[in-house]
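Student: For reference, the file query_10.cif (mmCIF, C-alpha atoms) is included below:
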```cif
data_work
#
loop_
_atom_site.group_PDB
_atom_site.id
_atom_site.type_symbol
_atom_site.label_atom_id
_atom_site.label_comp_id
_atom_site.auth_asym_id
_atom_site.auth_seq_id
_atom_site.Cartn_x
_atom_site.Cartn_y
_atom_site.Cartn_z
ATOM 1 C CA MET Q 23 84.714 104.869 95.396
ATOM 2 C CA GLN Q 24 86.983 107.843 95.620
ATOM 3 C CA LEU Q 25 86.780 111.528 96.496
ATOM 4 C CA ALA Q 26 87.162 114.040 93.660
ATOM 5 C CA ARG Q 27 86.676 117.664 92.706
ATOM 6 C CA VAL Q 28 84.751 118.572 89.550
ATOM 7 C CA ILE Q 29 87.108 120.687 87.465
ATOM 8 C CA GLY Q 30 85.286 120.944 84.157
ATOM 9 C CA ASP Q 31 82.775 119.605 81.699
ATOM 10 C CA VAL Q 32 83.075 117.967 78.324
ATOM 11 C CA VAL Q 33 80.998 118.578 75.216
ATOM 12 C CA ALA Q 34 81.018 115.760 72.680
ATOM 13 C CA THR Q 35 78.681 115.803 69.696
ATOM 14 C CA ARG Q 36 79.817 112.542 68.153
ATOM 15 C CA LYS Q 37 79.707 109.892 70.829
ATOM 16 C CA ASP Q 38 78.432 106.455 71.712
ATOM 17 C CA PRO Q 39 74.610 106.575 71.446
ATOM 18 C CA SER Q 40 74.299 105.376 75.060
ATOM 19 C CA TYR Q 41 75.712 108.764 76.174
ATOM 20 C CA GLU Q 42 72.740 110.677 74.747
ATOM 21 C CA GLY Q 43 71.485 113.210 77.307
ATOM 22 C CA ILE Q 44 74.138 112.328 79.876
ATOM 23 C CA THR Q 45 76.464 114.948 81.355
ATOM 24 C CA LEU Q 46 80.179 114.264 81.159
ATOM 25 C CA LEU Q 47 82.368 115.985 83.736
ATOM 26 C CA VAL Q 48 86.116 116.180 84.242
ATOM 27 C CA ILE Q 49 87.067 115.254 87.796
ATOM 28 C CA GLN Q 50 90.307 115.384 89.744
ATOM 29 C CA PRO Q 51 90.614 112.540 92.297
ATOM 30 C CA LEU Q 52 91.507 113.742 95.806
ATOM 31 C CA ALA Q 53 93.384 112.283 98.747
ATOM 32 C CA PRO Q 54 91.742 112.530 102.197
ATOM 33 C CA ASP Q 55 93.956 115.551 102.959
ATOM 34 C CA GLY Q 56 92.403 117.342 99.980
ATOM 35 C CA ALA Q 57 95.478 117.119 97.758
ATOM 36 C CA ASP Q 58 95.182 116.013 94.143
ATOM 37 C CA ALA Q 59 95.696 112.264 93.791
ATOM 38 C CA GLY Q 60 96.476 111.011 90.304
ATOM 39 C CA ARG Q 61 95.296 112.223 86.943
ATOM 40 C CA PRO Q 62 91.990 113.886 86.051
ATOM 41 C CA LEU Q 63 89.426 111.701 84.321
ATOM 42 C CA VAL Q 64 86.043 111.932 82.625
ATOM 43 C CA ALA Q 65 82.998 110.639 84.491
ATOM 44 C CA VAL Q 66 79.276 110.431 83.770
ATOM 45 C CA ASP Q 67 77.122 112.381 86.211
ATOM 46 C CA SER Q 68 73.888 111.087 87.753
ATOM 47 C CA VAL Q 69 73.502 113.530 90.662
ATOM 48 C CA GLY Q 70 73.670 116.952 88.999
ATOM 49 C CA ALA Q 71 77.149 117.900 90.181
ATOM 50 C CA GLY Q 72 78.735 121.159 89.067
ATOM 51 C CA VAL Q 73 82.199 122.548 88.559
ATOM 52 C CA GLY Q 74 83.964 123.228 91.860
ATOM 53 C CA GLU Q 75 81.938 120.716 93.875
ATOM 54 C CA ARG Q 76 83.437 117.868 95.901
ATOM 55 C CA VAL Q 77 81.948 114.549 94.866
ATOM 56 C CA PHE Q 78 82.521 110.833 95.136
ATOM 57 C CA PHE Q 79 82.601 108.540 92.156
ATOM 58 C CA VAL Q 80 82.488 104.849 91.379
ATOM 59 C CA ARG Q 81 84.674 102.968 88.922
ATOM 60 C CA GLY Q 82 83.772 100.092 86.628
ATOM 61 C CA LYS Q 83 80.502 98.994 85.109
ATOM 62 C CA GLU Q 84 78.670 100.146 88.242
ATOM 63 C CA ALA Q 85 79.062 103.658 86.806
ATOM 64 C CA SER Q 86 76.246 102.838 84.392
ATOM 65 C CA PHE Q 87 73.784 101.524 87.009
ATOM 66 C CA PRO Q 88 72.137 104.891 87.757
ATOM 67 C CA PHE Q 89 71.004 104.971 84.114
ATOM 68 C CA PHE Q 90 69.482 101.477 84.161
ATOM 69 C CA PRO Q 91 68.045 100.035 81.910
ATOM 70 C CA THR Q 92 70.279 102.025 79.561
ATOM 71 C CA GLU Q 93 73.672 100.365 79.477
ATOM 72 C CA VAL Q 94 75.943 103.369 79.293
ATOM 73 C CA ALA Q 95 79.439 102.657 77.999
ATOM 74 C CA ALA Q 96 81.096 104.322 80.989
ATOM 75 C CA ASP Q 97 83.760 103.213 83.485
ATOM 76 C CA ALA Q 98 83.530 106.107 85.952
ATOM 77 C CA GLY Q 99 80.468 107.826 87.372
ATOM 78 C CA ILE Q 100 79.731 110.493 89.981
ATOM 79 C CA VAL Q 101 77.239 109.029 92.481
ATOM 80 C CA GLY Q 102 77.193 111.596 95.298
ATOM 81 C CA ILE Q 103 77.957 115.201 96.205
ATOM 82 C CA VAL Q 104 80.081 115.497 99.341
ATOM 83 C CA ASP Q 105 78.977 117.912 102.073
ATOM 84 C CA HIS Q 106 82.183 117.396 104.025
ATOM 85 C CA TRP Q 107 84.516 114.695 105.225
ATOM 86 C CA SER Q 108 86.666 114.221 108.283
ATOM 87 C CA THR Q 109 89.848 112.297 108.904
ATOM 88 C CA LEU Q 110 91.529 110.969 112.037
ATOM 89 C CA MET J 10 89.725 91.291 99.734
ATOM 90 C CA ILE J 11 92.191 93.777 101.152
ATOM 91 C CA LEU J 12 93.270 94.872 104.601
ATOM 92 C CA ALA J 13 92.712 98.545 105.385
ATOM 93 C CA ARG J 14 92.415 101.036 108.219
ATOM 94 C CA VAL J 15 89.370 103.302 108.679
ATOM 95 C CA VAL J 16 90.826 106.803 108.578
ATOM 96 C CA GLY J 17 87.778 108.998 108.122
ATOM 97 C CA GLU J 18 84.165 109.383 107.131
ATOM 98 C CA VAL J 19 82.250 111.211 104.433
ATOM 99 C CA VAL J 20 78.971 113.099 104.792
ATOM 100 C CA SER J 21 76.867 113.375 101.652
ATOM 101 C CA THR J 22 73.248 114.533 101.504
ATOM 102 C CA HIS J 23 72.755 114.445 97.758
ATOM 103 C CA LYS J 24 73.611 110.977 96.471
ATOM 104 C CA ARG J 25 72.164 108.032 94.595
ATOM 105 C CA PRO J 26 69.240 106.558 96.582
ATOM 106 C CA GLN J 27 70.996 103.216 97.109
ATOM 107 C CA PHE J 28 73.431 105.001 99.457
ATOM 108 C CA GLU J 29 70.619 106.090 101.826
ATOM 109 C CA GLY J 30 71.294 104.756 105.295
ATOM 110 C CA ALA J 31 74.738 103.436 104.395
ATOM 111 C CA LYS J 32 77.837 104.728 106.131
ATOM 112 C CA LEU J 33 80.576 105.917 103.796
ATOM 113 C CA LEU J 34 84.076 105.574 105.259
ATOM 114 C CA ILE J 35 87.558 106.538 104.082
ATOM 115 C CA LEU J 36 89.949 103.580 104.027
ATOM 116 C CA GLN J 37 93.723 103.499 103.823
ATOM 117 C CA PRO J 38 94.874 100.139 102.448
ATOM 118 C CA GLU J 39 97.532 98.473 104.609
ATOM 119 C CA ALA J 40 99.982 95.602 104.398
ATOM 120 C CA PRO J 41 99.685 92.892 107.091
ATOM 121 C CA ASP J 42 102.438 94.683 109.053
ATOM 122 C CA GLY J 43 100.336 97.837 109.176
ATOM 123 C CA SER J 44 102.315 99.889 106.666
ATOM 124 C CA LYS J 45 100.340 101.954 104.162
ATOM 125 C CA THR J 46 99.929 100.555 100.660
ATOM 126 C CA GLY J 47 98.406 102.586 97.861
ATOM 127 C CA ASN J 48 95.850 105.356 97.793
ATOM 128 C CA ALA J 49 92.942 105.951 100.126
ATOM 129 C CA LEU J 50 89.481 105.011 98.897
ATOM 130 C CA LEU J 51 85.849 105.197 99.969
ATOM 131 C CA ALA J 52 83.830 102.140 100.947
ATOM 132 C CA ILE J 53 80.343 101.589 102.276
ATOM 133 C CA ASP J 54 80.209 99.964 105.682
ATOM 134 C CA SER J 55 77.911 97.034 106.348
ATOM 135 C CA VAL J 56 79.465 95.736 109.577
ATOM 136 C CA GLY J 57 79.556 98.797 111.851
ATOM 137 C CA ALA J 58 83.264 99.597 111.591
ATOM 138 C CA GLY J 59 84.585 102.664 113.362
ATOM 139 C CA ARG J 60 87.460 105.070 113.029
ATOM 140 C CA GLY J 61 90.900 103.636 113.541
ATOM 141 C CA GLU J 62 89.704 100.063 113.173
ATOM 142 C CA ARG J 63 91.391 97.580 110.912
ATOM 143 C CA VAL J 64 89.004 96.028 108.405
ATOM 144 C CA ILE J 65 88.635 93.664 105.467
ATOM 145 C CA ALA J 66 87.189 95.270 102.342
ATOM 146 C CA VAL J 67 86.071 94.046 98.937
ATOM 147 C CA LEU J 68 87.031 96.136 95.915
ATOM 148 C CA GLU J 69 84.624 94.776 93.368
ATOM 149 C CA GLY J 70 81.177 95.870 92.329
ATOM 150 C CA ARG J 71 79.139 92.719 92.704
ATOM 151 C CA ALA J 72 80.633 91.845 96.077
ATOM 152 C CA ALA J 73 80.026 95.385 97.314
ATOM 153 C CA GLN J 74 76.396 95.273 96.149
ATOM 154 C CA GLU J 75 76.016 91.967 97.956
ATOM 155 C CA ALA J 76 77.355 93.558 101.149
ATOM 156 C CA LEU J 77 75.034 96.524 100.773
ATOM 157 C CA GLY J 78 72.144 94.190 100.002
ATOM 158 C CA LYS J 79 71.032 96.214 97.006
ATOM 159 C CA LYS J 80 71.258 95.055 93.431
ATOM 160 C CA LEU J 81 72.215 97.650 90.830
ATOM 161 C CA ALA J 82 73.692 99.898 93.516
ATOM 162 C CA PRO J 83 76.524 101.960 92.006
ATOM 163 C CA VAL J 84 79.138 100.881 94.561
ATOM 164 C CA ASP J 85 82.558 99.346 93.983
ATOM 165 C CA ALA J 86 83.927 98.906 97.521
ATOM 166 C CA ALA J 87 82.530 97.677 100.841
ATOM 167 C CA ILE J 88 83.812 96.811 104.303
ATOM 168 C CA VAL J 89 82.919 93.202 105.006
ATOM 169 C CA GLY J 90 84.726 92.483 108.277
ATOM 170 C CA ILE J 91 86.537 93.972 111.277
ATOM 171 C CA VAL J 92 89.947 92.437 111.966
ATOM 172 C CA ASP J 93 90.515 91.135 115.492
ATOM 173 C CA GLU J 94 93.971 89.810 114.864
ATOM 174 C CA ILE J 95 96.318 88.951 112.028
ATOM 175 C CA ASP J 96 98.971 86.290 112.322
ATOM 176 C CA VAL J 97 101.426 86.245 109.427
ATOM 177 C CA SER J 98 104.401 83.975 109.861
ATOM 178 C CA GLU J 99 106.481 85.064 106.870
#
```
How would this structure read if it were set down as structure tokens?
Tutor:
Amino acid sequence: MQLARVIGDVVATRKDPSYEGITLLVIQPLAPDGADAGRPLVAVDSVGAGVGERVFFVRGKEASFPFFPTEVAADAGIVGIVDHWSTL
Amino acid sequence: MILARVVGEVVSTHKRPQFEGAKLLILQPEAPDGSKTGNALLAIDSVGAGRGERVIAVLEGRAAQEALGKKLAPVDAAIVGIVDEIDVSE
């Protein structure tokens, strides 16, 4: 998993049918010091995250597990909203 | 599996139910000599690792679910061991 900030949402009318009713958000991965780490990506949301929130997301087919038994064609998914984090 | 150092922890109230009761730690991957390699990541902890400790982590969904003990948990990384000592001769 990785930390990220939600920076936007995506509207797509024509899409894979497995995406029906699922929110797609644009997230910016973050380093533990809060700096941007790498490129923004699109993730499916299963926790009701909103723009501006800090979240953590999972990569790979596990991104579709929250929607079981629907097998969503996704490779990144937000699975938690972060209250705060601390580093050494 | 990879070697990594526990460098922080994450607090999250609103998350997928499979994360309830699991500790979520921030890991910095490391080479055997202790130098940093690559970007930090989050992993669930199933062995009671603490801050500053050197650990072994799996970076794969099924292995992480196994460590968490929950099938269909949306996790892709888990700490599976605490390193006592590493002996690399080359």
Student: Sorted by chain and rising residue number, which residues of chain J lie within 6 Å of chain Q, and what are their closest atom pairs and distances in Å to one decimal, counting only C-alpha atoms, as CSV?
Tutor:
```
residue,atom,partner,partner_atom,distance
J:Val16,CA,Q:Leu110,CA,5.5
J:Gly17,CA,Q:Thr109,CA,4.0
J:Glu18,CA,Q:Ser108,CA,5.6
J:Val19,CA,Q:Trp107,CA,4.2
J:Val20,CA,Q:His106,CA,5.4
J:Ser21,CA,Q:Val104,CA,4.5
J:His23,CA,Q:Ile103,CA,5.5
J:Lys24,CA,Q:Gly102,CA,3.8
J:Arg25,CA,Q:Val101,CA,5.6
J:Leu50,CA,Q:Gln24,CA,5.0
J:Leu51,CA,Q:Met23,CA,4.7
J:Leu81,CA,Q:Phe87,CA,5.7
J:Pro83,CA,Q:Glu84,CA,4.7
```
Student: What gap, in Å, lies between CA of Ile65 (chain J) and CA of Pro38 (chain J)?
Tutor: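 CA of Pro38 (chain J) lies at a distance of 9.5 Å from CA of Ile65 (chain J).
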Student: Can you measure CA of Met10 (chain J) to CA of Ala72 (chain J) for me? One decimal in Å is fine.
Tutor: 9.8 Å
Student: Could you pull the residues within 10 Å of Val73 (chain Q), counting all atoms listed in the file, minus those fewer than 3 positions along the same chain, as JSON, numbers by chain?
Tutor: {"Q": [27, 28, 29, 30, 31, 47, 48, 49, 76]}
Student: For Asp42 (chain J), find every residue with an atom within 10 Å (counting all atoms listed in the file), except residues of its own chain fewer than 4 positions away, and show them as a PyMOL selection string.
Tutor: chain J and resi 95-97
Student: I need the residue nearest Gly78 (chain J) from this list: J:Asn48, J:Gln37, J:Thr22, J:Ser55. Use all atoms listed in the file for the distance.
Tutor: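 Checking each of J:Asn48, J:Gln37, J:Thr22, J:Ser55 against Gly78 (chain J), counting all atoms listed in the file, the winner is J:Ser55.
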